[in-house]
file run.txt (compact mmCIF, C-alpha atoms and all ligand atoms)
# COMPACT_ATOMS: atom_id res chain seq x y z
CA LEU A 105 120.35 215.97 -46.93
CA LEU A 106 123.70 214.28 -46.67
CA SER A 107 124.45 211.56 -44.16
CA GLY A 108 127.68 209.61 -43.71
CA CYS A 109 130.05 209.08 -46.65
CA GLY A 110 128.35 211.55 -48.96
CA LYS A 111 125.25 209.40 -49.14
CA SER A 112 122.11 211.30 -49.88
CA ASP A 113 118.47 210.24 -49.77
CA ASP A 114 118.08 210.06 -53.51
CA VAL A 115 121.10 207.78 -53.99
CA LEU A 116 121.19 204.02 -53.60
CA VAL A 117 124.69 202.69 -53.03
CA LEU A 118 125.53 199.29 -54.47
CA GLY A 119 128.53 197.40 -53.17
CA THR A 120 130.09 194.90 -55.52
CA ASN A 121 133.34 193.22 -56.51
CA ALA A 122 133.55 193.81 -60.24
CA SER A 123 135.87 190.93 -61.07
CA PHE A 124 133.18 188.37 -61.68
CA PRO A 125 132.00 188.39 -65.29
CA PRO A 126 129.25 188.09 -66.49
CA PHE A 127 127.70 189.18 -63.16
CA GLU A 128 129.89 192.25 -62.56
CA TYR A 129 132.94 193.46 -64.38
CA VAL A 130 134.59 196.61 -65.57
CA GLY A 131 134.48 197.20 -69.32
CA GLY A 132 132.62 199.12 -71.98
CA ALA A 133 133.96 201.66 -74.46
CA SER A 134 135.83 203.69 -71.83
CA GLY A 135 137.12 200.55 -70.15
CA ASN A 136 135.98 201.73 -66.75
CA GLU A 137 132.25 201.23 -66.87
CA PHE A 138 130.53 198.80 -64.50
CA LYS A 139 128.65 196.16 -66.40
CA GLY A 140 126.95 192.83 -65.94
CA PHE A 141 123.86 190.88 -64.98
CA ASP A 142 123.90 192.03 -61.33
CA ILE A 143 124.61 195.64 -62.33
CA ASP A 144 121.56 195.71 -64.63
CA ILE A 145 119.38 194.26 -61.86
CA ALA A 146 120.77 196.82 -59.40
CA ARG A 147 119.97 199.64 -61.86
CA GLN A 148 116.39 198.39 -62.10
CA ILE A 149 116.11 198.32 -58.29
CA ALA A 150 117.37 201.91 -58.09
CA SER A 151 115.03 203.04 -60.82
CA ASP A 152 112.05 201.31 -59.15
CA SER A 153 112.93 203.13 -55.91
CA GLY A 154 113.21 206.46 -57.70
CA LYS A 155 116.89 206.73 -56.78
CA THR A 156 120.20 207.13 -58.57
CA LEU A 157 122.51 204.14 -58.39
CA LYS A 158 126.04 204.72 -57.13
CA ILE A 159 128.49 201.83 -57.37
CA GLN A 160 131.24 201.07 -54.87
CA ASN A 161 133.73 198.50 -56.10
CA MET A 162 135.56 196.73 -53.29
CA LYS A 163 137.16 193.47 -52.23
CA PHE A 164 134.67 190.63 -52.07
CA ASP A 165 135.52 189.86 -48.47
CA SER A 166 134.84 193.48 -47.41
CA LEU A 167 131.28 193.65 -48.74
CA ILE A 168 129.36 192.41 -45.70
CA MET A 169 131.37 194.63 -43.36
CA ALA A 170 130.74 197.67 -45.57
CA LEU A 171 127.03 196.86 -45.62
CA ASN A 172 126.76 196.59 -41.88
CA ALA A 173 128.82 199.76 -41.42
CA GLY A 174 126.30 201.63 -43.61
CA ARG A 175 128.86 202.47 -46.32
CA ILE A 176 126.74 200.68 -48.93
CA ASP A 177 122.98 200.02 -49.08
CA PHE A 178 122.99 196.61 -50.72
CA ILE A 179 125.26 193.97 -52.21
CA ALA A 180 124.93 192.48 -55.69
CA ALA A 181 128.01 190.34 -56.22
CA GLY A 182 126.97 186.84 -57.22
CA MET A 183 126.88 186.25 -53.50
CA THR A 184 125.76 182.80 -52.43
CA ILE A 185 123.13 182.63 -49.73
CA THR A 186 124.70 180.73 -46.83
CA PRO A 187 123.55 180.23 -43.22
CA GLU A 188 126.78 181.88 -41.98
CA ARG A 189 126.12 185.05 -44.01
CA GLN A 190 122.43 185.00 -43.09
CA ALA A 191 123.51 185.44 -39.49
CA SER A 192 124.72 188.96 -40.33
CA VAL A 193 122.70 190.13 -43.36
CA ASN A 194 119.31 189.58 -45.00
CA PHE A 195 119.18 188.02 -48.44
CA SER A 196 116.61 188.61 -51.16
CA THR A 197 114.75 185.76 -52.76
CA PRO A 198 117.32 183.68 -54.71
CA TYR A 199 117.85 185.08 -58.21
CA TYR A 200 120.36 182.69 -59.78
CA GLU A 201 121.39 179.06 -59.33
CA ALA A 202 125.07 178.22 -59.63
CA THR A 203 127.58 175.60 -58.62
CA GLN A 204 131.31 175.42 -58.07
CA VAL A 205 133.50 173.93 -60.80
CA VAL A 206 137.12 172.89 -60.96
CA ILE A 207 139.45 174.58 -63.43
CA THR A 208 142.70 172.82 -64.31
CA LYS A 209 145.28 172.75 -67.05
CA LYS A 210 143.98 170.84 -70.08
CA SER A 211 146.80 168.38 -69.63
CA ASP A 212 145.69 167.44 -66.10
CA THR A 213 143.87 164.08 -66.17
CA SER A 214 144.12 163.35 -62.45
CA ILE A 215 140.62 164.46 -61.38
CA HIS A 216 137.66 162.15 -61.91
CA SER A 217 135.69 162.61 -58.72
CA ILE A 218 135.47 164.88 -55.69
CA THR A 219 137.78 162.59 -53.69
CA ASP A 220 140.56 163.27 -56.23
CA LEU A 221 140.63 166.86 -54.91
CA ARG A 222 142.20 165.71 -51.63
CA GLY A 223 145.56 167.29 -51.00
CA LYS A 224 145.58 169.32 -54.23
CA HIS A 225 146.80 172.92 -54.15
CA PHE A 226 143.74 175.15 -54.65
CA ALA A 227 143.52 178.78 -55.71
CA VAL A 228 140.28 180.57 -54.77
CA GLN A 229 138.82 184.02 -54.27
CA LEU A 230 139.27 185.25 -50.71
CA GLY A 231 136.13 184.90 -48.60
CA SER A 232 134.16 183.05 -51.29
CA THR A 233 132.20 179.87 -50.80
CA ALA A 234 134.97 178.16 -52.80
CA ASP A 235 137.49 179.38 -50.21
CA ILE A 236 135.46 177.72 -47.45
CA MET A 237 134.84 174.54 -49.47
CA ALA A 238 138.47 174.12 -50.49
CA LYS A 239 139.51 173.78 -46.87
CA LYS A 240 137.42 170.59 -46.64
CA TYR A 241 139.69 168.91 -49.18
CA THR A 242 143.13 170.27 -48.52
CA ASP A 243 145.25 172.49 -46.35
CA LYS A 244 146.90 174.00 -49.43
CA VAL A 245 144.63 176.90 -50.30
CA THR A 246 145.92 180.16 -51.74
CA ALA A 247 143.28 182.91 -51.68
CA PHE A 248 143.32 185.93 -54.02
CA ASN A 249 141.24 189.07 -54.21
CA SER A 250 139.93 188.10 -57.64
CA GLY A 251 139.33 185.07 -59.80
CA PHE A 252 141.64 186.58 -62.46
CA GLU A 253 144.59 186.31 -60.08
CA ALA A 254 143.67 182.73 -59.15
CA ILE A 255 143.57 181.82 -62.87
CA MET A 256 146.94 183.50 -63.40
CA GLU A 257 148.42 181.39 -60.60
CA LEU A 258 147.11 178.25 -62.31
CA ASN A 259 148.50 179.37 -65.68
CA ASN A 260 151.85 179.92 -64.00
CA GLY A 261 151.77 176.38 -62.63
CA LYS A 262 151.88 177.49 -59.00
CA VAL A 263 148.64 175.70 -58.03
CA ASP A 264 146.85 172.55 -59.25
CA LEU A 265 143.40 173.99 -59.71
CA VAL A 266 141.02 176.87 -59.24
CA LEU A 267 137.66 176.32 -57.55
CA PHE A 268 135.24 178.93 -58.88
CA ASP A 269 131.60 179.62 -59.70
CA SER A 270 130.41 177.92 -62.89
CA GLN A 271 129.35 180.88 -65.03
CA PRO A 272 132.40 183.13 -64.39
CA ALA A 273 134.61 180.06 -64.87
CA ALA A 274 133.06 179.49 -68.31
CA ASN A 275 133.68 183.16 -69.05
CA PHE A 276 137.38 182.92 -68.09
CA MET A 277 137.84 179.89 -70.39
CA ARG A 278 137.46 182.05 -73.51
CA LYS A 279 140.76 183.78 -72.79
CA ASN A 280 142.56 180.74 -71.40
CA PRO A 281 142.88 178.10 -74.13
CA ASP A 282 145.20 175.91 -72.05
CA LEU A 283 142.66 175.46 -69.24
CA LYS A 284 139.55 173.30 -68.91
CA ILE A 285 136.53 173.12 -66.65
CA GLN A 286 135.50 169.99 -64.83
CA SER A 287 132.04 169.68 -63.38
CA LEU A 288 131.91 167.56 -60.26
CA PRO A 289 128.74 166.83 -58.28
CA PHE A 290 128.99 169.81 -55.91
CA ALA A 291 125.86 171.15 -54.25
CA ALA A 292 123.83 173.89 -55.92
CA GLU A 293 124.36 177.45 -54.67
CA PHE A 294 121.80 180.23 -54.87
CA TYR A 295 122.76 183.86 -55.31
CA GLY A 296 120.94 186.54 -53.37
CA LEU A 297 121.20 190.31 -53.05
CA ALA A 298 122.12 191.29 -49.50
CA VAL A 299 120.72 194.08 -47.36
CA ALA A 300 121.46 195.13 -43.78
CA LYS A 301 119.12 193.59 -41.23
CA LYS A 302 118.07 197.05 -40.17
CA ASN A 303 116.76 197.92 -43.66
CA PRO A 304 113.66 195.75 -44.26
CA GLN A 305 112.08 198.35 -46.60
CA LEU A 306 114.92 198.04 -49.11
CA LEU A 307 114.73 194.24 -48.90
CA GLN A 308 111.06 194.45 -49.78
CA GLN A 309 111.78 196.78 -52.70
CA ILE A 310 114.44 194.41 -54.01
CA ASN A 311 112.14 191.40 -53.79
CA THR A 312 109.42 193.33 -55.59
CA THR A 313 111.80 194.27 -58.41
CA LEU A 314 113.04 190.68 -58.67
CA ALA A 315 109.46 189.38 -58.87
CA ASN A 316 108.58 192.02 -61.49
CA ILE A 317 111.52 191.33 -63.77
CA LYS A 318 110.70 187.62 -63.65
CA THR A 319 107.10 188.23 -64.74
CA ASN A 320 107.73 190.94 -67.32
CA GLY A 321 110.44 189.05 -69.22
CA GLN A 322 113.33 191.34 -68.30
CA TYR A 323 115.04 188.61 -66.27
CA ASP A 324 115.05 186.26 -69.29
CA THR A 325 116.35 189.06 -71.49
CA LEU A 326 119.26 189.57 -69.07
CA ILE A 327 119.98 185.83 -69.02
CA ALA A 328 120.10 185.83 -72.82
CA LYS A 329 122.29 188.95 -72.83
CA TYR A 330 124.91 187.78 -70.32
CA MET A 331 124.91 183.98 -70.00
CA LYS A 332 126.66 182.62 -73.07
N1 LIG B 1 129.32 182.83 -55.15
C1 LIG B 1 130.53 182.90 -54.45
C2 LIG B 1 130.33 183.39 -53.04
O1 LIG B 1 129.31 183.88 -52.69
C3 LIG B 1 131.54 183.80 -55.15
C4 LIG B 1 131.06 185.18 -55.42
C5 LIG B 1 132.17 186.11 -55.91
N2 LIG B 1 131.61 187.35 -56.37
C6 LIG B 1 132.30 188.39 -56.84
N3 LIG B 1 131.65 189.42 -57.25
N4 LIG B 1 133.61 188.38 -56.86
O2 LIG B 1 131.19 183.28 -52.23
call {"tool": "encode", "arguments": {"input": "run.txt", "output": "structure tokens"}}
result
Amino acid sequence: LLSGCGKSDDVLVLGTNASFPPFEYVGGASGNEFKGFDIDIARQIASDSGKTLKIQNMKFDSLIMALNAGRIDFIAAGMTITPERQASVNFSTPYYEATQVVITKKSDTSIHSITDLRGKHFAVQLGSTADIMAKKYTDKVTAFNSGFEAIMELNNGKVDLVLFDSQPAANFMRKNPDLKIQSLPFAAEFYGLAVAKKNPQLLQQINTTLANIKTNGQYDTLIAKYMK
């Protein structure tokens, strides 16, 4: 039986923003395959629920709206659990610990502590925790739909730095030899999968799958596969 946007009962629709390697990105032999740590976890959740996974790639800042409008069933997007987001969605048990890092040109030696961020021109991903954090340090924040674009802006010398999640930042460094990462003592962030408040059954299924993959070794295998 079909309901809404072509959703059927045997399909589980994942919403993501596939510009966040190694958690979600587009790649593979055909160049248009969804891949990553979150994607593999989402596939396991679908398989444990006896459903087929369908993936909707969208802007990061549209995910929560799409979830609450019923266009997607859950979000796996390296999304940090925050009190503000918890007001509108339910999060799974945390599945990954991250932190924000600062990316600058290698030649930039002006940043030694968090206070040195004051007044700098930041590039961030729109709607991310970095976007919110940046505004605490400066009123010069340019927000992009992807980290790639933020990095490009830094490479082009239009901003001073990019504030981004640690693991994707490390991933971007491989293709950007003129940039460096600086770790500053920012608070830890915990990623969670998000589900609409009106869907407690799916939340329970997700938490069960997360608990299972932690006990059966699959979680560690995924860490080894994606976190380099
Ligand atoms: N962890 C950060 C946040 O929740 C950034 C996540 C960006 N994820 C993505 N798939 N683009 O705001």
call {"tool": "residues_around", "arguments": {"input": "run.txt", "residues": "A:Lys210", "least_positions_apart": "6", "cutoff": "6 Å", "atoms": "only C-alpha atoms", "output": "PyMOL selection string"}}
result
chain A and resi 282-284
call {"tool": "write_last_selection", "arguments": {"input": "run.txt", "atoms": "C-alpha atoms", "output": "compact mmCIF listing (two decimals), keeping the file's coordinate frame"}}
result
# COMPACT_ATOMS: atom_id res chain seq x y z
CA ASP A 282 145.20 175.91 -72.05
CA LEU A 283 142.66 175.46 -69.24
CA LYS A 284 139.55 173.30 -68.91
call {"tool": "residues_around", "arguments": {"input": "run.txt", "residues": "A:Thr242", "least_positions_apart": "6", "cutoff": "10 Å", "atoms": "only C-alpha atoms", "output": "ChimeraX atom specification"}}
result
/A:221-226
call {"tool": "closest_residue", "arguments": {"input": "run.txt", "among": "A:Gln229, A:Thr208, A:Thr120, A:Ser214", "to": "A:Asn260", "atoms": "all atoms listed in the file"}}
result
A:Thr208
call {"tool": "residues_near_ligand", "arguments": {"input": "run.txt", "ligand": "ligand LIG 1 (chain B)", "cutoff": "10 Å", "atoms": "all atoms listed in the file", "output": "PyMOL selection string"}}
result
chain A and resi 119-129+142+161-165+167+179-186+189+201-204+228-237+249-252+267-270+272+293-296
call {"tool": "axis_aligned_box", "arguments": {"input": "run.txt", "around": "stretch 225-237 of chain A", "padding_each_side": "4 Å", "output": "JSON"}}
result
{"center_x": 139.5, "center_y": 179.1, "center_z": -51.6, "size_x": 22.6, "size_y": 20.3, "size_z": 16.3}
call {"tool": "closest_residue", "arguments": {"input": "run.txt", "among": "A:Asp177, A:Asp220, A:Glu188, A:Asp264", "to": "A:Leu288", "atoms": "only C-alpha atoms"}}
result
A:Asp220
call {"tool": "closest_residue", "arguments": {"input": "run.txt", "among": "A:Arg147, A:Lys239, A:Lys155, A:Lys139", "to": "A:Asp114", "atoms": "all atoms listed in the file"}}
result
A:Lys155
call {"tool": "closest_residue", "arguments": {"input": "run.txt", "among": "A:Ser192, A:Arg278, A:Tyr330, A:Ile317", "to": "A:Met169", "atoms": "only C-alpha atoms"}}
result
A:Ser192
call {"tool": "atom_distance", "arguments": {"input": "run.txt", "atom1": "atom CA of A:Ala273", "atom2": "atom CA of A:Ala247"}}
result
16.0 Å
call {"tool": "residues_near_point", "arguments": {"input": "run.txt", "point": "(117.2, 205.0, -60.3)", "cutoff": "12 Å", "atoms": "all atoms listed in the file", "output": "PyMOL selection string"}}
result
chain A and resi 113-118+144-158
call {"tool": "closest_residue", "arguments": {"input": "run.txt", "among": "A:Asp212, A:Phe195, A:Ile159, A:Leu258", "to": "A:Glu137", "atoms": "only C-alpha atoms"}}
result
A:Ile159
call {"tool": "decode", "arguments": {"input": "run.txt", "residues": "stretch 208-245 of chain A", "atoms": "C-alpha atoms", "output": "mmCIF file, in the first residue's frame"}}
result
data_model
loop_
_atom_site.group_PDB
_atom_site.id
_atom_site.type_symbol
_atom_site.label_atom_id
_atom_site.label_comp_id
_atom_site.auth_asym_id
_atom_site.auth_seq_id
_atom_site.Cartn_x
_atom_site.Cartn_y
_atom_site.Cartn_z
ATOM 1 C CA THR A 208 43.209 26.992 8.275
ATOM 2 C CA LYS A 209 45.862 27.570 5.663
ATOM 3 C CA LYS A 210 49.139 25.923 6.688
ATOM 4 C CA SER A 211 50.750 29.340 6.685
ATOM 5 C CA ASP A 212 48.340 30.703 9.311
ATOM 6 C CA THR A 213 50.064 30.799 12.717
ATOM 7 C CA SER A 214 47.614 33.180 14.397
ATOM 8 C CA ILE A 215 45.503 30.626 16.296
ATOM 9 C CA HIS A 216 46.763 29.177 19.569
ATOM 10 C CA SER A 217 43.632 29.116 21.690
ATOM 11 C CA ILE A 218 39.870 29.471 21.401
ATOM 12 C CA THR A 219 40.068 33.199 22.174
ATOM 13 C CA ASP A 220 42.146 33.693 19.001
ATOM 14 C CA LEU A 221 39.000 32.818 17.024
ATOM 15 C CA ARG A 222 37.383 36.137 17.965
ATOM 16 C CA GLY A 223 36.543 38.251 14.965
ATOM 17 C CA LYS A 224 37.877 35.739 12.418
ATOM 18 C CA HIS A 225 35.896 35.095 9.240
ATOM 19 C CA PHE A 226 34.423 31.585 9.531
ATOM 20 C CA ALA A 227 33.066 29.279 6.849
ATOM 21 C CA VAL A 228 30.694 26.556 8.086
ATOM 22 C CA GLN A 229 27.992 24.192 6.889
ATOM 23 C CA LEU A 230 24.548 25.772 7.064
ATOM 24 C CA GLY A 231 22.543 24.645 10.088
ATOM 25 C CA SER A 232 25.404 22.658 11.630
ATOM 26 C CA THR A 233 26.559 22.855 15.212
ATOM 27 C CA ALA A 234 29.635 24.665 13.848
ATOM 28 C CA ASP A 235 27.321 27.297 12.342
ATOM 29 C CA ILE A 236 25.784 27.908 15.766
ATOM 30 C CA MET A 237 29.143 27.846 17.572
ATOM 31 C CA ALA A 238 30.836 30.219 15.140
ATOM 32 C CA LYS A 239 28.383 32.957 16.010
ATOM 33 C CA LYS A 240 29.722 32.931 19.582
ATOM 34 C CA TYR A 241 33.119 34.087 18.330
ATOM 35 C CA THR A 242 32.399 36.365 15.432
ATOM 36 C CA ASP A 243 29.748 38.047 13.356
ATOM 37 C CA LYS A 244 31.568 37.066 10.161
ATOM 38 C CA VAL A 245 30.130 33.657 9.362
#
